[in-house]
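To keep things clear, I will list the structure first and then write my remarks on it.
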Amino acid sequence: MPPVIRHAEPADLAAVKAIYDQPSVYANTLQLPFQPQAKWQSLFEPQSGFYNLVAELEGQVVGQLGLQVMQNPRRRHAAEFGMGVSEPFQGQGIGSALLRAALDLADNWLALRRVELLVYSSNESAIALYERFGFEVEAELADYAYQYGNYISALVMSRLRNTA
């Protein structure tokens with residue numbers, strides 16, 4: 001059964017926090033472990049150009065994607081996103097469903113030309129997912145973040161929508 005993708009509601013706060021409390025999830029973001037619930041509250045407050053999607057499977061929130069449209073007038077054609085999928089559900093198409101919904105929103109409703117992201121170069125499964133959806137590497141940032149006692153590199157990736 002495919003997941004239901006929908007806009008996140010305030011009642012989803014605890015479930016989203018639980019996803020990002022999992023070691024393999026926070027390790028692949030800039031989040032630190034042991035974040036208070038108040039840190040996640042901002043995802044559920046109205047923000048200009050921010051779209052907060054969740055993936056629900058049999059009534060359980062198992063993934064989250066935040067799409068932020070750039071607010072600078074010269075960058076309103078672009079958005080960036082970040083996402084996380086609960087450990088037991090990784091590799092089961094949840095990330096694909098979230099990304100497909102976000103790109104449909106970007107292409108068909110928000111008239112975005114560019115969607116971009118940052119991913120650690122060691123996160124091979126995420127990179128493969130993004131490449132399947134047409135994202136390409138634009139740059140590598142050396143020693144970008146600190147993870148498990150080491151500095152790691154990150155890739156800047158983007159997908160440009162052909163408007164011709």
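Quick note on naming: the chains in the structure tokens go A, B, ... in the order shown, residues restart at 1 in each chain, and ligands are numbered from 1 in order of appearance.
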- Task: Name the residues of chain A that fall into helix (DSSP H, G or I) according to DSSP on the backbone, using the chain letters and numbers of this document, as an MDAnalysis selection string.
- Result: chainID A and resid 10:20 23:26 37:44 73:75 87:89 94:108 124:132
- Name all residues at most 9 Å from range 130-143 of chain A (count only C-alpha atoms; drop same-chain ones fewer than 5 positions away) and give them as an NGL selection string. :A and (96 or 99-100 or 103 or 115-117 or 121 or 125 or 150-160)
- Task: Just the strand (DSSP E) stuff from range 14-160 of chain A, please, per backbone DSSP, written as a ChimeraX atom specification.
- Result: /A:50-57,60-69,78-85,114-120,136-147,150-160
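Distance-wise, CA of Ser86 in chain A and CA of Ala55 in chain A end up 10.1 Å apart.
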Residues of range 85-156 of chain A within 8 Å of range 13-34 of chain A: nearest atom pair and distance (Å, one decimal) for each, counting only C-alpha atoms, sorted by chain and number, as a tab-separated table?
```
residue	atom	partner	partner_atom	distance
A:Val85	CA	A:Ile19	CA	6.6
A:Ser86	CA	A:Ile19	CA	5.0
A:Glu87	CA	A:Ser24	CA	7.0
A:Val119	CA	A:Asn28	CA	7.7
A:Tyr120	CA	A:Asn28	CA	6.7
A:Asn123	CA	A:Asn28	CA	7.2
A:Ala145	CA	A:Leu30	CA	7.5
A:Gln147	CA	A:Ala27	CA	6.7
```
Take the residues from that selection and put them in a file with N, CA and C atoms, as a PDB file, in the first residue's frame.
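The result, stored in out24.pdb:
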```pdb
ATOM      1  N   VAL A  85      13.069  10.006   6.759  1.00  0.00           N
ATOM      2  CA  VAL A  85      12.175   8.847   6.764  1.00  0.00           C
ATOM      3  C   VAL A  85      12.537   7.994   7.969  1.00  0.00           C
ATOM      4  N   SER A  86      11.523   7.564   8.682  1.00  0.00           N
ATOM      5  CA  SER A  86      11.717   6.732   9.867  1.00  0.00           C
ATOM      6  C   SER A  86      12.525   5.480   9.523  1.00  0.00           C
ATOM      7  N   GLU A  87      13.460   5.135  10.388  1.00  0.00           N
ATOM      8  CA  GLU A  87      14.383   4.017  10.118  1.00  0.00           C
ATOM      9  C   GLU A  87      13.692   2.733   9.655  1.00  0.00           C
ATOM     10  N   VAL A 119      23.281  17.365   0.420  1.00  0.00           N
ATOM     11  CA  VAL A 119      23.302  15.993   0.929  1.00  0.00           C
ATOM     12  C   VAL A 119      24.750  15.613   1.222  1.00  0.00           C
ATOM     13  N   TYR A 120      24.948  14.896   2.317  1.00  0.00           N
ATOM     14  CA  TYR A 120      26.304  14.427   2.630  1.00  0.00           C
ATOM     15  C   TYR A 120      26.755  13.451   1.553  1.00  0.00           C
ATOM     16  N   ASN A 123      26.054   9.739   1.917  1.00  0.00           N
ATOM     17  CA  ASN A 123      24.668   9.256   1.957  1.00  0.00           C
ATOM     18  C   ASN A 123      24.268   8.745   0.571  1.00  0.00           C
ATOM     19  N   ALA A 145      30.578  19.400   7.284  1.00  0.00           N
ATOM     20  CA  ALA A 145      29.932  19.195   8.587  1.00  0.00           C
ATOM     21  C   ALA A 145      30.725  18.172   9.396  1.00  0.00           C
ATOM     22  N   GLN A 147      30.488  14.813  11.676  1.00  0.00           N
ATOM     23  CA  GLN A 147      29.615  13.654  11.876  1.00  0.00           C
ATOM     24  C   GLN A 147      30.441  12.497  12.418  1.00  0.00           C
TER      25      GLN A 147
END
```
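Among the candidate residues A:Glu124, A:Glu9, A:Arg114, A:Ala38, the one lying nearest to Arg75 in chain A is A:Arg114, with distances computed using only C-alpha atoms.
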- Smallest atom-to-atom distance to Ala78 in chain A: which of A:Ile5, A:Ala111, A:Ile127, A:Leu43, using only C-alpha atoms?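 Of A:Ile5, A:Ala111, A:Ile127, A:Leu43, the one nearest Ala78 in chain A, counting only C-alpha atoms, is A:Ala111.
Near Val4 in chain A, within a cut-off of 10 Å and counting only C-alpha atoms, sit the residues A:Val54, A:Ala55, A:Glu56, A:Leu57, A:Glu58, A:Gly59, A:Gln60, A:Val61, A:Ile94, A:Ala97, A:Leu98, with same-chain residues fewer than 5 positions away left out.
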Write out the residues from the selection above, keeping C-alpha atoms, as a CSV table (one decimal), in the first residue's frame.
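The resulting result.csv:
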```
chain,number,residue,atom,x,y,z
A,54,VAL,CA,4.3,14.1,5.8
A,55,ALA,CA,4.0,10.5,4.6
A,56,GLU,CA,1.4,8.5,6.4
A,57,LEU,CA,1.2,4.7,6.3
A,58,GLU,CA,-1.7,3.0,8.0
A,59,GLY,CA,-2.3,6.0,10.2
A,60,GLN,CA,1.4,6.4,11.2
A,61,VAL,CA,3.6,9.3,10.1
A,94,ILE,CA,8.5,6.6,1.3
A,97,ALA,CA,6.6,9.3,-2.6
A,98,LEU,CA,7.5,12.5,-0.6
```
- Separation of CA of Leu53 in chain A from CA of Gln37 in chain A, in Å and rounded to one decimal: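 Calculated distance between CA of Leu53 in chain A and CA of Gln37 in chain A is 18.1 Å.
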- Task: Work out how far apart CA of Ser48 in chain A and CA of Gln71 in chain A are and give it in Å to one decimal.
- Result: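 Calculated distance between CA of Ser48 in chain A and CA of Gln71 in chain A is 7.7 Å.
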- Message: Just want the 9 Å neighbourhood of Phe81 in chain A, counted on only C-alpha atoms, with same-chain residues fewer than 5 positions away dropped. Output as a ChimeraX atom specification.
- Response: /A:65-69,102,115-118
Export of the given selection (N, CA, C and O atoms) as a short mmCIF file (atom, residue, chain, number, x, y, z; two decimals), in the first residue's frame:
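Generated output (selection31.cif):
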```
data_model
loop_
_atom_site.label_atom_id
_atom_site.label_comp_id
_atom_site.auth_asym_id
_atom_site.auth_seq_id
_atom_site.Cartn_x
_atom_site.Cartn_y
_atom_site.Cartn_z
N LEU A 65 8.90 15.91 4.73
CA LEU A 65 9.68 16.70 3.79
C LEU A 65 9.24 18.15 3.93
O LEU A 65 8.04 18.44 3.91
N GLY A 66 10.21 19.03 4.08
CA GLY A 66 9.94 20.46 4.11
C GLY A 66 10.49 21.11 2.86
O GLY A 66 11.67 20.96 2.54
N LEU A 67 9.62 21.81 2.13
CA LEU A 67 10.00 22.52 0.91
C LEU A 67 9.89 24.01 1.18
O LEU A 67 8.82 24.50 1.53
N GLN A 68 11.01 24.71 1.07
CA GLN A 68 11.06 26.15 1.34
C GLN A 68 11.31 26.91 0.06
O GLN A 68 12.39 26.80 -0.53
N VAL A 69 10.31 27.67 -0.39
CA VAL A 69 10.48 28.53 -1.55
C VAL A 69 11.29 29.74 -1.11
O VAL A 69 11.01 30.34 -0.06
N ALA A 102 6.42 16.57 -3.64
CA ALA A 102 7.03 17.90 -3.54
C ALA A 102 7.36 18.45 -4.93
O ALA A 102 7.15 19.64 -5.20
N VAL A 115 14.88 23.39 -8.04
CA VAL A 115 14.78 22.80 -6.71
C VAL A 115 16.18 22.31 -6.35
O VAL A 115 16.83 21.65 -7.15
N GLU A 116 16.62 22.67 -5.15
CA GLU A 116 17.99 22.36 -4.75
C GLU A 116 18.02 21.72 -3.38
O GLU A 116 17.06 21.81 -2.60
N LEU A 117 19.15 21.08 -3.09
CA LEU A 117 19.32 20.41 -1.82
C LEU A 117 20.80 20.27 -1.51
O LEU A 117 21.65 20.47 -2.38
N LEU A 118 21.05 19.91 -0.29
CA LEU A 118 22.40 19.61 0.18
C LEU A 118 22.35 18.22 0.79
O LEU A 118 21.44 17.92 1.57
#
```
